[in-house]
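J.: Below you'll find input_1.txt; it's compact mmCIF, C-alpha atoms.
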```
# COMPACT_ATOMS: atom_id res chain seq x y z
CA MET C 336 -22.68 128.76 20.73
CA ARG C 337 -20.03 129.78 23.21
CA ARG C 338 -22.27 132.57 24.34
CA VAL C 339 -25.12 130.11 24.86
CA GLN C 340 -22.84 127.85 26.87
CA GLN C 341 -21.75 130.76 28.98
CA LEU C 342 -25.35 131.75 29.64
CA ALA C 343 -26.31 128.17 30.47
CA ALA C 344 -23.34 127.85 32.79
CA ALA C 345 -24.22 131.13 34.45
CA GLY C 346 -27.81 129.95 34.86
CA LEU C 347 -26.76 126.64 36.38
CA CYS C 348 -24.31 128.43 38.65
CA GLY C 349 -27.15 130.69 39.74
CA LEU C 350 -29.32 127.70 40.52
CA PHE C 351 -26.66 126.11 42.68
CA ALA C 352 -25.86 129.38 44.42
CA LEU C 353 -29.40 129.82 45.72
CA PRO C 354 -29.30 127.21 48.54
CA LEU C 355 -25.97 128.63 49.72
CA ALA C 356 -27.37 132.13 49.89
CA ALA C 357 -30.24 130.85 52.05
CA GLN C 358 -27.75 129.82 54.75
CA SER C 359 -26.50 133.30 55.49
CA ALA C 360 -25.84 133.96 59.14
CA GLU C 361 -27.19 136.60 61.43
CA ILE C 362 -26.67 137.40 65.05
CA VAL C 363 -28.55 139.70 67.37
CA PRO C 364 -26.23 141.16 69.97
CA LYS C 365 -27.67 142.67 73.09
CA SER C 366 -25.91 144.79 75.61
CA GLY C 367 -26.98 145.62 79.13
CA PRO C 368 -29.42 143.60 81.20
CA VAL C 369 -30.99 140.91 79.04
CA GLN C 370 -33.80 138.52 79.95
CA LEU C 371 -32.51 135.29 78.48
CA ASN C 372 -34.23 132.79 80.73
CA SER C 373 -37.69 132.78 79.20
CA ASP C 374 -40.56 135.03 78.38
CA PRO C 375 -42.04 136.49 81.57
CA GLY C 376 -44.67 134.28 83.12
CA ASN C 377 -44.50 131.74 80.34
CA SER C 378 -41.80 129.18 80.90
CA LYS C 379 -43.12 126.22 78.92
CA GLN C 380 -40.71 125.31 76.12
CA TRP C 381 -41.28 123.44 72.86
CA MET C 382 -37.56 122.97 72.26
CA SER C 383 -34.52 121.91 74.26
CA PHE C 384 -30.82 122.69 74.08
CA LEU C 385 -28.85 119.45 73.71
CA GLY C 386 -25.45 120.98 74.32
CA PRO C 387 -22.56 120.99 74.41
CA GLU C 388 -22.33 122.37 77.92
CA LYS C 389 -18.55 122.64 77.52
CA ALA C 390 -16.30 123.24 74.54
CA THR C 391 -12.59 123.78 74.00
CA VAL C 392 -11.26 126.16 71.38
CA VAL C 393 -7.88 127.56 70.38
CA ALA C 394 -7.25 130.85 72.16
CA ALA C 395 -7.37 134.03 70.11
CA LYS C 396 -8.07 132.17 66.85
CA PRO C 397 -11.31 131.82 64.93
CA SER C 398 -13.03 128.57 65.93
CA THR C 399 -16.47 127.02 65.60
CA VAL C 400 -18.86 125.72 68.24
CA THR C 401 -21.84 123.65 67.14
CA LEU C 402 -24.97 124.14 69.22
CA ASN C 403 -27.54 121.32 69.08
CA PHE C 404 -31.28 121.69 69.56
CA ARG C 405 -34.27 119.34 69.64
CA ILE C 406 -37.84 120.36 68.83
CA ALA C 407 -40.60 118.42 70.59
CA ASP C 408 -42.40 115.77 68.53
CA GLY C 409 -45.32 117.13 66.56
CA PHE C 410 -44.04 120.69 66.59
CA HIS C 411 -42.10 122.87 64.19
CA VAL C 412 -40.52 126.31 64.44
CA ASN C 413 -39.90 128.90 61.76
CA SER C 414 -36.42 128.64 60.29
CA HIS C 415 -33.89 131.45 60.39
CA LYS C 416 -35.30 132.61 57.04
CA PRO C 417 -39.09 132.24 57.13
CA LEU C 418 -40.85 132.85 53.85
CA ALA C 419 -43.28 135.50 55.10
CA LYS C 420 -42.52 138.80 56.76
CA PHE C 421 -45.06 138.35 59.53
CA LEU C 422 -43.47 135.13 60.78
CA ILE C 423 -40.95 135.16 63.61
CA ALA C 424 -37.52 133.86 62.60
CA THR C 425 -35.38 131.66 64.80
CA GLN C 426 -32.48 133.76 66.08
CA LEU C 427 -29.57 133.39 68.45
CA ILE C 428 -29.26 136.23 70.91
CA VAL C 429 -25.87 136.54 72.54
CA VAL C 430 -24.71 138.70 75.41
CA GLU C 431 -21.57 140.50 74.34
CA GLY C 432 -18.46 141.22 76.37
CA GLN C 433 -17.72 137.87 77.96
CA GLY C 434 -14.21 137.35 76.58
CA VAL C 435 -15.78 135.64 73.59
CA ARG C 436 -16.49 137.32 70.28
CA ILE C 437 -19.01 135.74 67.96
CA ALA C 438 -18.39 136.77 64.36
CA ASN C 439 -21.51 135.14 62.99
CA VAL C 440 -23.77 132.11 63.26
CA ASP C 441 -24.63 129.63 60.51
CA PHE C 442 -28.20 128.40 60.61
CA PRO C 443 -29.18 125.33 58.62
CA PRO C 444 -31.62 125.66 55.74
CA GLY C 445 -35.22 124.96 56.70
CA GLN C 446 -37.54 122.25 55.44
CA PRO C 447 -40.64 122.94 53.37
CA TYR C 448 -43.88 122.71 55.32
CA ALA C 449 -47.52 123.59 54.81
CA PHE C 450 -50.40 123.33 57.26
CA SER C 451 -52.93 120.76 56.05
CA PHE C 452 -55.62 123.43 56.31
CA ASP C 453 -53.68 125.86 54.15
CA PRO C 454 -51.57 123.81 51.69
CA SER C 455 -50.95 126.73 49.34
CA ASN C 456 -49.15 128.72 52.02
CA LYS C 457 -45.58 127.45 52.00
CA LEU C 458 -43.46 127.76 55.12
CA ASP C 459 -39.79 127.13 55.86
CA VAL C 460 -39.35 125.40 59.19
CA TYR C 461 -37.15 123.33 61.48
CA SER C 462 -38.44 120.17 63.10
CA GLY C 463 -36.76 117.34 65.00
CA ASP C 464 -33.07 117.99 65.67
CA PHE C 465 -31.04 120.78 64.16
CA ALA C 466 -27.69 122.47 64.83
CA VAL C 467 -26.35 125.98 64.45
CA THR C 468 -22.66 126.75 64.16
CA ALA C 469 -21.25 129.74 65.99
CA HIS C 470 -17.98 131.22 64.73
CA VAL C 471 -16.17 132.36 67.86
CA THR C 472 -12.88 133.85 68.91
CA ALA C 473 -12.10 133.57 72.61
CA ALA C 474 -9.43 135.14 74.78
CA PRO C 475 -7.24 132.68 76.72
CA GLY C 476 -8.99 131.22 79.75
CA GLU C 477 -12.43 129.96 80.67
CA HIS C 478 -15.54 131.84 79.65
CA VAL C 479 -19.24 131.23 80.11
CA LEU C 480 -21.17 132.05 76.98
CA HIS C 481 -24.67 133.22 77.79
CA ALA C 482 -27.08 133.17 74.89
CA ALA C 483 -30.66 132.31 74.02
CA LEU C 484 -32.42 130.91 71.02
CA ARG C 485 -35.53 132.90 70.20
CA TYR C 486 -38.12 130.84 68.36
CA GLN C 487 -41.83 130.55 67.74
CA ALA C 488 -43.41 127.10 67.59
CA CYS C 489 -46.58 125.67 66.10
CA ASP C 490 -48.13 122.23 65.91
CA HIS C 491 -50.50 121.02 63.22
CA ALA C 492 -53.29 123.46 64.19
CA ALA C 493 -52.14 125.97 66.79
CA CYS C 494 -49.25 128.35 67.32
CA TYR C 495 -47.55 129.33 70.55
CA PRO C 496 -46.03 132.63 71.66
CA PRO C 497 -42.35 133.30 70.96
CA LYS C 498 -39.95 131.81 73.49
CA MET C 499 -36.38 132.36 74.62
CA LEU C 500 -34.49 129.10 75.17
CA PRO C 501 -31.42 129.60 77.39
CA VAL C 502 -28.11 128.46 75.92
CA VAL C 503 -25.14 128.33 78.27
CA VAL C 504 -21.75 126.98 77.14
CA THR C 505 -18.52 127.01 79.10
CA LEU C 506 -15.72 127.73 76.65
CA THR C 507 -12.12 126.88 77.48
CA ALA C 508 -9.65 128.66 75.23
CA ASN C 509 -6.11 127.22 75.34
CA MET Y 776 -20.61 123.26 2.36
CA LYS Y 777 -18.90 124.66 5.40
CA ARG Y 778 -21.81 126.98 5.91
CA ASN Y 779 -24.26 124.06 5.81
CA VAL Y 780 -22.26 122.14 8.40
CA LEU Y 781 -22.15 125.19 10.60
CA MET Y 782 -25.91 125.62 10.33
CA LEU Y 783 -26.39 121.91 11.07
CA LEU Y 784 -24.23 122.20 14.16
CA LEU Y 785 -26.15 125.26 15.27
CA VAL Y 786 -29.49 123.49 14.84
CA ALA Y 787 -28.15 120.44 16.70
CA ALA Y 788 -26.96 122.68 19.52
CA CYS Y 789 -30.36 124.30 19.75
CA VAL Y 790 -32.05 120.91 19.90
CA VAL Y 791 -29.70 119.78 22.68
CA LEU Y 792 -30.36 122.98 24.56
CA LEU Y 793 -34.10 122.55 24.24
CA ILE Y 794 -33.92 118.92 25.45
CA THR Y 795 -31.69 119.93 28.37
CA SER Y 796 -34.09 122.70 29.27
CA ALA Y 797 -37.06 120.33 29.09
CA VAL Y 798 -35.30 117.76 31.29
CA LEU Y 799 -34.35 120.40 33.85
CA ASN Y 800 -37.88 121.75 33.84
CA PHE Y 801 -39.31 118.25 34.31
CA ARG Y 802 -36.89 117.56 37.16
CA SER Y 803 -37.74 120.87 38.80
CA ARG Y 804 -41.48 120.19 38.61
CA ARG Y 805 -40.97 116.68 39.90
CA HIS Y 806 -38.86 118.03 42.76
CA ASN Y 807 -41.60 120.51 43.63
CA ALA Y 808 -44.16 117.72 43.56
CA LEU Y 809 -41.99 115.71 45.93
CA ASP Y 810 -41.73 118.74 48.21
CA VAL Y 811 -45.50 118.99 48.35
CA SER Y 812 -45.89 115.32 49.21
CA GLN Y 813 -43.21 115.74 51.87
CA GLU Y 814 -45.11 118.68 53.31
CA VAL Y 815 -48.22 116.56 53.61
CA GLN Y 816 -46.29 113.82 55.36
CA LEU Y 817 -44.78 116.33 57.75
CA VAL Y 818 -48.18 117.19 59.19
CA PRO Y 819 -48.39 115.07 62.34
CA LYS Y 820 -51.50 112.96 62.71
CA ASP Y 821 -51.86 113.39 66.43
CA ALA Y 822 -49.93 116.32 67.73
CA PRO Y 823 -50.00 116.10 71.49
CA SER Y 824 -50.99 119.55 72.60
CA SER Y 825 -53.42 121.10 70.17
CA SER Y 826 -57.13 120.75 70.57
CA ALA Y 827 -58.14 120.94 66.94
CA PRO Y 828 -60.09 117.89 65.86
CA SER Y 829 -58.60 115.20 63.69
CA LYS Y 830 -60.11 112.13 62.11
CA ASP Y 831 -58.45 109.91 64.68
CA ALA Y 832 -59.14 111.65 67.96
CA PRO Y 833 -62.03 113.61 69.42
CA ALA Y 834 -61.34 117.25 70.03
CA GLY Y 835 -60.88 118.69 73.50
CA LEU Y 836 -58.88 121.38 75.17
CA PRO Y 837 -55.11 120.93 75.32
CA ASP Y 838 -53.47 119.71 78.51
CA ASN Y 839 -53.20 122.37 81.20
CA THR Y 840 -55.67 124.66 79.45
CA PRO Y 841 -58.22 125.88 81.98
CA ASP Y 842 -61.76 124.92 81.00
CA LEU Y 843 -63.77 128.14 81.24
CA ARG Y 844 -66.96 126.66 79.77
CA GLY Y 845 -69.96 127.26 82.01
CA LYS Y 846 -68.26 130.21 83.71
CA VAL Y 847 -69.14 133.88 83.45
CA ALA Y 848 -66.85 135.52 80.91
CA PRO Y 849 -64.32 137.83 82.59
CA ASN Y 850 -65.00 141.41 81.60
CA PHE Y 851 -62.30 143.37 79.83
CA THR Y 852 -61.86 146.92 78.67
CA LEU Y 853 -59.50 147.39 75.73
CA LYS Y 854 -58.95 149.87 72.92
CA ASP Y 855 -59.93 149.15 69.35
CA LEU Y 856 -58.00 150.17 66.23
CA SER Y 857 -59.49 153.65 66.29
CA GLY Y 858 -58.54 154.19 69.92
CA LYS Y 859 -62.09 153.78 71.19
CA THR Y 860 -62.52 151.96 74.49
CA VAL Y 861 -64.51 148.76 74.27
CA SER Y 862 -65.76 146.60 77.16
CA LEU Y 863 -67.11 143.09 76.86
CA LYS Y 864 -69.99 144.01 79.16
CA ASP Y 865 -71.18 146.47 76.50
CA TYR Y 866 -72.33 143.44 74.52
CA ARG Y 867 -74.48 141.84 77.22
CA GLY Y 868 -77.61 140.52 75.51
CA LYS Y 869 -75.64 139.58 72.39
CA ALA Y 870 -74.02 136.29 71.50
CA VAL Y 871 -70.32 137.12 71.43
CA LEU Y 872 -67.42 135.28 69.83
CA VAL Y 873 -64.17 136.50 71.37
CA ASN Y 874 -61.26 135.39 69.20
CA PHE Y 875 -57.69 135.87 70.44
CA TRP Y 876 -55.14 135.97 67.63
CA ALA Y 877 -51.65 137.23 66.79
CA THR Y 878 -50.02 138.69 63.71
CA TRP Y 879 -47.44 135.85 63.66
CA CYS Y 880 -50.09 133.11 63.92
CA ALA Y 881 -50.77 131.44 60.57
CA PRO Y 882 -53.79 129.35 61.70
CA CYS Y 883 -55.40 132.49 63.14
CA LYS Y 884 -55.27 134.12 59.74
CA VAL Y 885 -57.01 131.17 58.13
CA GLU Y 886 -60.12 131.43 60.27
CA MET Y 887 -60.47 135.21 60.56
CA PRO Y 888 -62.12 135.57 57.12
CA TRP Y 889 -64.57 132.85 58.23
CA PHE Y 890 -65.42 134.90 61.32
CA GLU Y 891 -65.97 137.94 59.12
CA LYS Y 892 -68.46 136.02 57.00
CA LEU Y 893 -70.20 134.56 60.05
CA SER Y 894 -70.42 137.96 61.74
CA GLN Y 895 -72.32 139.30 58.76
CA GLN Y 896 -74.40 136.18 58.18
CA TYR Y 897 -75.63 135.93 61.78
CA ALA Y 898 -75.63 139.62 62.79
CA SER Y 899 -79.41 139.73 62.57
CA GLN Y 900 -79.57 136.88 65.10
CA GLY Y 901 -77.43 138.84 67.54
CA LEU Y 902 -73.93 137.52 66.84
CA VAL Y 903 -71.00 139.84 67.54
CA VAL Y 904 -67.40 138.90 66.79
CA LEU Y 905 -64.55 140.59 68.65
CA GLY Y 906 -60.98 139.93 67.51
CA VAL Y 907 -58.43 140.52 70.26
CA THR Y 908 -54.68 140.61 69.61
CA ALA Y 909 -52.91 138.42 72.15
CA GLU Y 910 -49.65 140.31 71.79
CA ASP Y 911 -48.18 143.77 72.24
CA VAL Y 912 -48.34 144.74 68.59
CA PRO Y 913 -48.39 148.26 67.11
CA ARG Y 914 -51.86 149.42 66.13
CA ASP Y 915 -50.85 149.93 62.50
CA GLU Y 916 -49.53 146.40 62.21
CA ALA Y 917 -52.72 144.91 63.64
CA ALA Y 918 -54.80 147.11 61.34
CA LYS Y 919 -52.76 146.06 58.33
CA SER Y 920 -53.25 142.38 59.12
CA ALA Y 921 -56.98 142.80 59.66
CA GLN Y 922 -57.34 144.77 56.46
CA SER Y 923 -55.42 142.22 54.41
CA LEU Y 924 -57.73 139.50 55.73
CA GLY Y 925 -60.85 141.50 54.90
CA VAL Y 926 -61.87 141.76 58.56
CA SER Y 927 -64.30 144.54 59.47
CA TYR Y 928 -65.44 143.36 62.91
CA PRO Y 929 -63.86 145.16 65.89
CA ILE Y 930 -60.20 144.40 66.53
CA LEU Y 931 -59.11 145.11 70.09
CA LEU Y 932 -55.49 145.59 71.15
CA ARG Y 933 -53.31 144.31 74.01
CA GLY Y 934 -55.23 141.13 74.81
CA ASP Y 935 -51.94 139.95 76.33
CA THR Y 936 -52.73 142.14 79.33
CA ILE Y 937 -55.84 140.06 80.10
CA ALA Y 938 -54.39 136.65 79.18
CA ASN Y 939 -54.38 135.36 82.75
CA ASP Y 940 -58.12 135.98 83.08
CA TRP Y 941 -58.71 133.91 79.94
CA GLY Y 942 -56.68 130.86 80.87
CA GLY Y 943 -53.24 132.10 79.81
CA LEU Y 944 -53.85 132.01 76.04
CA ASP Y 945 -50.89 129.70 75.58
CA GLY Y 946 -52.07 128.43 72.22
CA LEU Y 947 -53.52 130.47 69.39
CA PRO Y 948 -56.04 130.87 67.98
CA SER Y 949 -58.13 130.72 71.17
CA SER Y 950 -61.84 131.40 70.85
CA PHE Y 951 -64.56 131.82 73.46
CA TYR Y 952 -68.26 131.65 72.60
CA ILE Y 953 -70.27 133.70 75.10
CA ASN Y 954 -74.06 133.53 75.33
CA ARG Y 955 -76.45 136.42 75.82
CA GLN Y 956 -76.24 136.01 79.59
CA GLY Y 957 -72.45 136.44 79.54
CA VAL Y 958 -71.61 132.79 80.12
CA ILE Y 959 -68.88 131.02 78.15
CA VAL Y 960 -70.63 128.19 76.32
CA ASP Y 961 -67.74 126.95 74.19
CA GLU Y 962 -63.97 127.33 74.13
CA THR Y 963 -61.56 126.22 71.42
CA VAL Y 964 -57.79 126.28 71.06
CA GLY Y 965 -56.28 125.74 67.63
CA LEU Y 966 -57.90 125.79 64.24
CA TYR Y 967 -61.24 124.09 63.74
CA SER Y 968 -62.81 123.56 60.33
CA LYS Y 969 -65.12 126.20 58.92
CA ASP Y 970 -68.12 123.89 59.28
CA GLU Y 971 -67.26 123.12 62.89
CA VAL Y 972 -66.92 126.81 63.70
CA GLU Y 973 -70.30 127.52 62.16
CA ALA Y 974 -71.86 124.64 64.10
CA ILE Y 975 -70.51 126.10 67.35
CA VAL Y 976 -71.88 129.53 66.41
CA LYS Y 977 -75.30 128.03 65.69
CA HIS Y 978 -75.19 126.24 69.02
CA LEU Y 979 -74.35 129.54 70.69
CA LEU Y 980 -77.18 131.39 68.98
CA ALA Y 981 -79.65 128.67 69.94
CA GLN Y 982 -78.89 129.20 73.62
CA THR Y 983 -81.74 130.52 75.78
CA PRO Y 984 -81.67 131.38 79.47
CA ASP Y 985 -83.17 127.94 80.10
CA SER Y 986 -80.70 126.06 77.87
CA PRO Y 987 -78.64 123.39 79.58
CA GLN Y 988 -75.00 124.52 79.84
CA SER Y 989 -73.68 122.01 77.36
CA PRO Y 990 -70.95 123.06 74.96
CA ALA Y 991 -70.83 122.13 71.30
CA THR Y 992 -67.19 121.17 71.65
CA PRO Y 993 -66.26 117.90 73.33
CA GLY Y 994 -65.17 118.00 76.94
CA ALA Y 995 -61.70 118.77 78.12
CA LYS Y 996 -59.63 116.03 79.75
CA SER Y 997 -61.20 116.74 83.07
CA SER Y 998 -64.71 116.26 81.73
CA ALA Y 999 -64.21 114.10 78.68
CA GLY Y 1000 -67.33 112.58 77.29
CA LEU Y 1001 -69.67 114.70 79.39
CA ALA Y 1002 -70.50 117.18 76.73
CA PRO Y 1003 -71.83 115.72 73.51
CA GLY Y 1004 -72.27 118.48 70.97
CA PRO Y 1005 -74.57 118.99 68.02
CA GLN Y 1006 -72.13 117.29 65.71
CA GLY Y 1007 -72.60 113.98 67.48
CA LYS Y 1008 -69.14 113.99 68.98
CA SER Y 1009 -68.44 112.80 72.46
```
Can the structure from this file be put into C-alpha cells for me?
T.:
Amino acid sequence: MRRVQQLAAAGLCGLFALPLAAQSAEIVPKSGPVQLNSDPGNSKQWMSFLGPEKATVVAAKPSTVTLNFRIADGFHVNSHKPLAKFLIATQLIVVEGQGVRIANVDFPPGQPYAFSFDPSNKLDVYSGDFAVTAHVTAAPGEHVLHAALRYQACDHAACYPPKMLPVVVTLTAN
Amino acid sequence: MKRNVLMLLLVAACVVLLITSAVLNFRSRRHNALDVSQEVQLVPKDAPSSSAPSKDAPAGLPDNTPDLRGKVAPNFTLKDLSGKTVSLKDYRGKAVLVNFWATWCAPCKVEMPWFEKLSQQYASQGLVVLGVTAEDVPRDEAAKSAQSLGVSYPILLRGDTIANDWGGLDGLPSSFYINRQGVIVDETVGLYSKDEVEAIVKHLLAQTPDSPQSPATPGAKSSAGLAPGPQGKS
C-alpha cells in the first residue's frame, strides 16, 4: 500500500512538475555588430514593446526586470516553446557587454491554439499581452540595455515573416 | 481474521485507487475538451490583415498588398531542389500557379497537398504548379518539407530574392495564377478553402486570349466589387 501511495505521489508530482518545466528560460547572446532594429526592408511589426523604458535595480546584485509586450488584435505568435520543430520560437536577443549581465529570461507558458482549417494541429502561442522576466546583474551606474524580441506572427489564415522588435531599457543600478 | 481484514483493506485501497484514477482521467479529458473549445474561440472572426475569406466578409487582398492582377507576371530564374535553373518564361503557353511558401508557415503546409492533387488532376489541361520558398532556407530543409507533404511539383529556392517584384510577399501563403499568355489572373494571400482554390484553378484554365481580364477572387480594396468571380462573390 505504501508503495502504491509512493507511486501515486510520484505520479502526481510528475504531473505538477510538467508546467514548471515548460517555463524554462533561454537567451540568445550575440556579440559584434547586431541588426536589432528590424528585418531588412521589412519594418512592419505585429507586436509592440510596452516598456518599461527605465528601470532601477540594486547594483551588483541579481535583480529582475519585467519586459511587457502587446500583440496586435487578431494575431498570435509562437511561444518560447512551440510544439513543432519547424516553427520559429519567440526569443530575446541581447547584446552583451553593456555593464549588464543577463543570467536568463523567463518566458510565460503559451496558450493552446489551432487554426480553424487544421484543428488537429495543436500550437502553443502568445496572444494579447504577455511579459518576460529578465534576471539581470548590473554594475553601478546607468546602462542602456539593447535587445530585441524575435518572433513570427500569424493571423487566422496567413503567416508573416519573422521580425525583430527592438527593446531598449535604461537601467540605473544604485 | 487478521488476514481477512488485511485483504479487505487491500481491496478497499485498490477500489479507491481505481476511483481516483477514473476521476483524474475524466478531469483530464474534460480539461482537454475545454482546451479545444478555447482554441476554437481563439480564432478571430475578422482578422484585419489577411485576405482569406470568412463567412462574414468577402475576400480581397490585405491592406497595402499590391494588386498584380491583370499585369504581366514578372519573370524569375531560380534553382530547383536538384540545382537545375528554372525560369517562369519557360512555361509560357501553360497555366501556371506560382505558390510562395515557407517552412515555418503552417497554413502553407495545409494547402500544398491540395496543389499536388490539382497539379496532377489538371496537368492534361495545361496546369503547372511551381512552389517557391519565400525564405533563405537550406535546400535539404525545403526538400524535407516538400517530401513530408507529398509534393512532387517543382520547388524553387530563394524566392525571397524576387519578393519585391511580387508585391513584397509580406503574408504567406501567397499565390499567383498566371494564364497562358503570362498575365496574372488571380492573386491570393492567406489560406483559401480547397474548393475555392480549385474554382480559381478552373477559372484560370478556362482563360482564352479573348477572355475578359476578370479574376475569380474578389477585388482588392482599390477595386472592390469590380471583379465578381465564378463563385458569385463580389
J.: Quick one: everything within 8 Å of Glu910 (chain Y), counting all atoms listed in the file, minus sequence neighbours fewer than 6 positions away in the same chain. Send it as a list in words.
T.: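 Non-adjacent residues within range: Ala877, Leu932, Arg933, Gly934 and Asp935 of chain Y.
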J.: Tell me as a list of chain:residue names which residues belonging to chain C come within 7 Å of chain Y, counting all atoms listed in the file.
T.: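 Matching residues, ligands excluded from the count: C:Gly409, C:Phe421, C:Leu422, C:Ile423, C:Pro447, C:Tyr448, C:Ala449, C:Phe450, C:Ser451, C:Asp490, C:His491, C:Ala492, C:Ala493, C:Cys494, C:Tyr495, C:Pro496.
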J.: Give me the residues within 7 Å of Tyr928 (chain Y) as a PyMOL selection string, counting only C-alpha atoms and dropping any in the same chain fewer than 6 places off.
T.: chain Y and resi 891+904-905
J.: What is the CA of Gly925 (chain Y)-CA of Asp961 (chain Y) distance in Å, reported with one decimal?
T.: 25.1 Å
J.: Just give me the gap between CA of Gly463 (chain C) and CA of Arg405 (chain C) in Å, one decimal is fine.
T.: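 Atom-to-atom, CA of Gly463 (chain C) to CA of Arg405 (chain C), that is 5.6 Å.
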J.: From the list C:Met499, C:Val429, C:Ala438, C:Val412, which residue is nearest Val479 (chain C) when using all atoms listed in the file?
T.: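 Residue with the minimum atom-to-atom distance to Val479 (chain C): C:Val429.
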J.: Find the distance between CA of Thr468 (chain C) and CA of Asn413 (chain C) and write it in Å to one decimal.
T.: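 So the two atoms, CA of Thr468 (chain C) and CA of Asn413 (chain C), lie 17.5 Å apart.
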J.: Kindly compute an axis-aligned box around the listed atoms of region 380-398 of chain C, allowing 3 Å on each side, and express its centre and edge lengths in Å to one decimal as lines of an AutoDock Vina configuration file.
T.:
```
center_x = -24.3
center_y = 126.7
center_z = 71.4
size_x = 40.0
size_y = 20.6
size_z = 19.0
```
J.: Kindly indicate which residue among Y:Ala974, Y:Leu863, Y:Asn954, Y:Lys969 lies nearest to Phe452 (chain C), using all atoms listed in the file for the distances.
T.: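 Closest to Phe452 (chain C), using all atoms listed in the file: Y:Lys969.
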J.: Given the choices Y:Gln956, Y:Ser899, Y:Ser862, Y:Thr936, which gets closest to Val912 (chain Y) if the distance is worked out from all atoms listed in the file?
T.: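 Once distances to Val912 (chain Y) are computed over all atoms listed in the file, the minimum belongs to Y:Thr936.
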J.: Of the residues C:Thr391, C:Ser398, C:Asn403, C:Gln487, which is the one nearest to Gln426 (chain C), using only C-alpha atoms?
T.: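 Residue with the minimum atom-to-atom distance to Gln426 (chain C): C:Gln487.
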J.: Could you complete region 426-441 of chain C so that it carries N, CA and C atoms, and give it back as a CSV table (one decimal), keeping the file's coordinate frame?
T.:
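Written output follows (part06.csv):
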```csv
chain,number,residue,atom,x,y,z
C,426,GLN,N,-33.7,132.9,66.0
C,426,GLN,CA,-32.5,133.8,66.1
C,426,GLN,C,-31.7,133.4,67.3
C,427,LEU,N,-30.4,133.6,67.3
C,427,LEU,CA,-29.6,133.4,68.4
C,427,LEU,C,-29.2,134.8,69.0
C,428,ILE,N,-29.6,134.9,70.3
C,428,ILE,CA,-29.3,136.2,70.9
C,428,ILE,C,-28.1,136.0,71.9
C,429,VAL,N,-27.1,136.8,71.7
C,429,VAL,CA,-25.9,136.5,72.5
C,429,VAL,C,-25.5,137.8,73.3
C,430,VAL,N,-25.2,137.6,74.6
C,430,VAL,CA,-24.7,138.7,75.4
C,430,VAL,C,-23.2,139.0,75.1
C,431,GLU,N,-22.9,140.2,74.7
C,431,GLU,CA,-21.6,140.5,74.3
C,431,GLU,C,-20.7,140.8,75.6
C,432,GLY,N,-19.4,140.8,75.3
C,432,GLY,CA,-18.5,141.2,76.4
C,432,GLY,C,-18.2,140.2,77.4
C,433,GLN,N,-18.0,138.9,77.0
C,433,GLN,CA,-17.7,137.9,78.0
C,433,GLN,C,-16.4,137.2,77.7
C,434,GLY,N,-15.5,137.9,77.0
C,434,GLY,CA,-14.2,137.4,76.6
C,434,GLY,C,-14.3,136.5,75.3
C,435,VAL,N,-15.5,136.4,74.8
C,435,VAL,CA,-15.8,135.6,73.6
C,435,VAL,C,-16.4,136.5,72.6
C,436,ARG,N,-15.9,136.5,71.4
C,436,ARG,CA,-16.5,137.3,70.3
C,436,ARG,C,-17.1,136.4,69.3
C,437,ILE,N,-18.4,136.6,69.0
C,437,ILE,CA,-19.0,135.7,68.0
C,437,ILE,C,-19.1,136.5,66.7
C,438,ALA,N,-18.4,136.1,65.6
C,438,ALA,CA,-18.4,136.8,64.4
C,438,ALA,C,-19.7,136.6,63.7
C,439,ASN,N,-20.2,135.4,63.6
C,439,ASN,CA,-21.5,135.1,63.0
C,439,ASN,C,-22.0,133.7,63.4
C,440,VAL,N,-23.2,133.4,62.9
C,440,VAL,CA,-23.8,132.1,63.3
C,440,VAL,C,-24.4,131.5,62.0
C,441,ASP,N,-24.0,130.3,61.7
C,441,ASP,CA,-24.6,129.6,60.5
C,441,ASP,C,-25.9,128.8,60.9
```
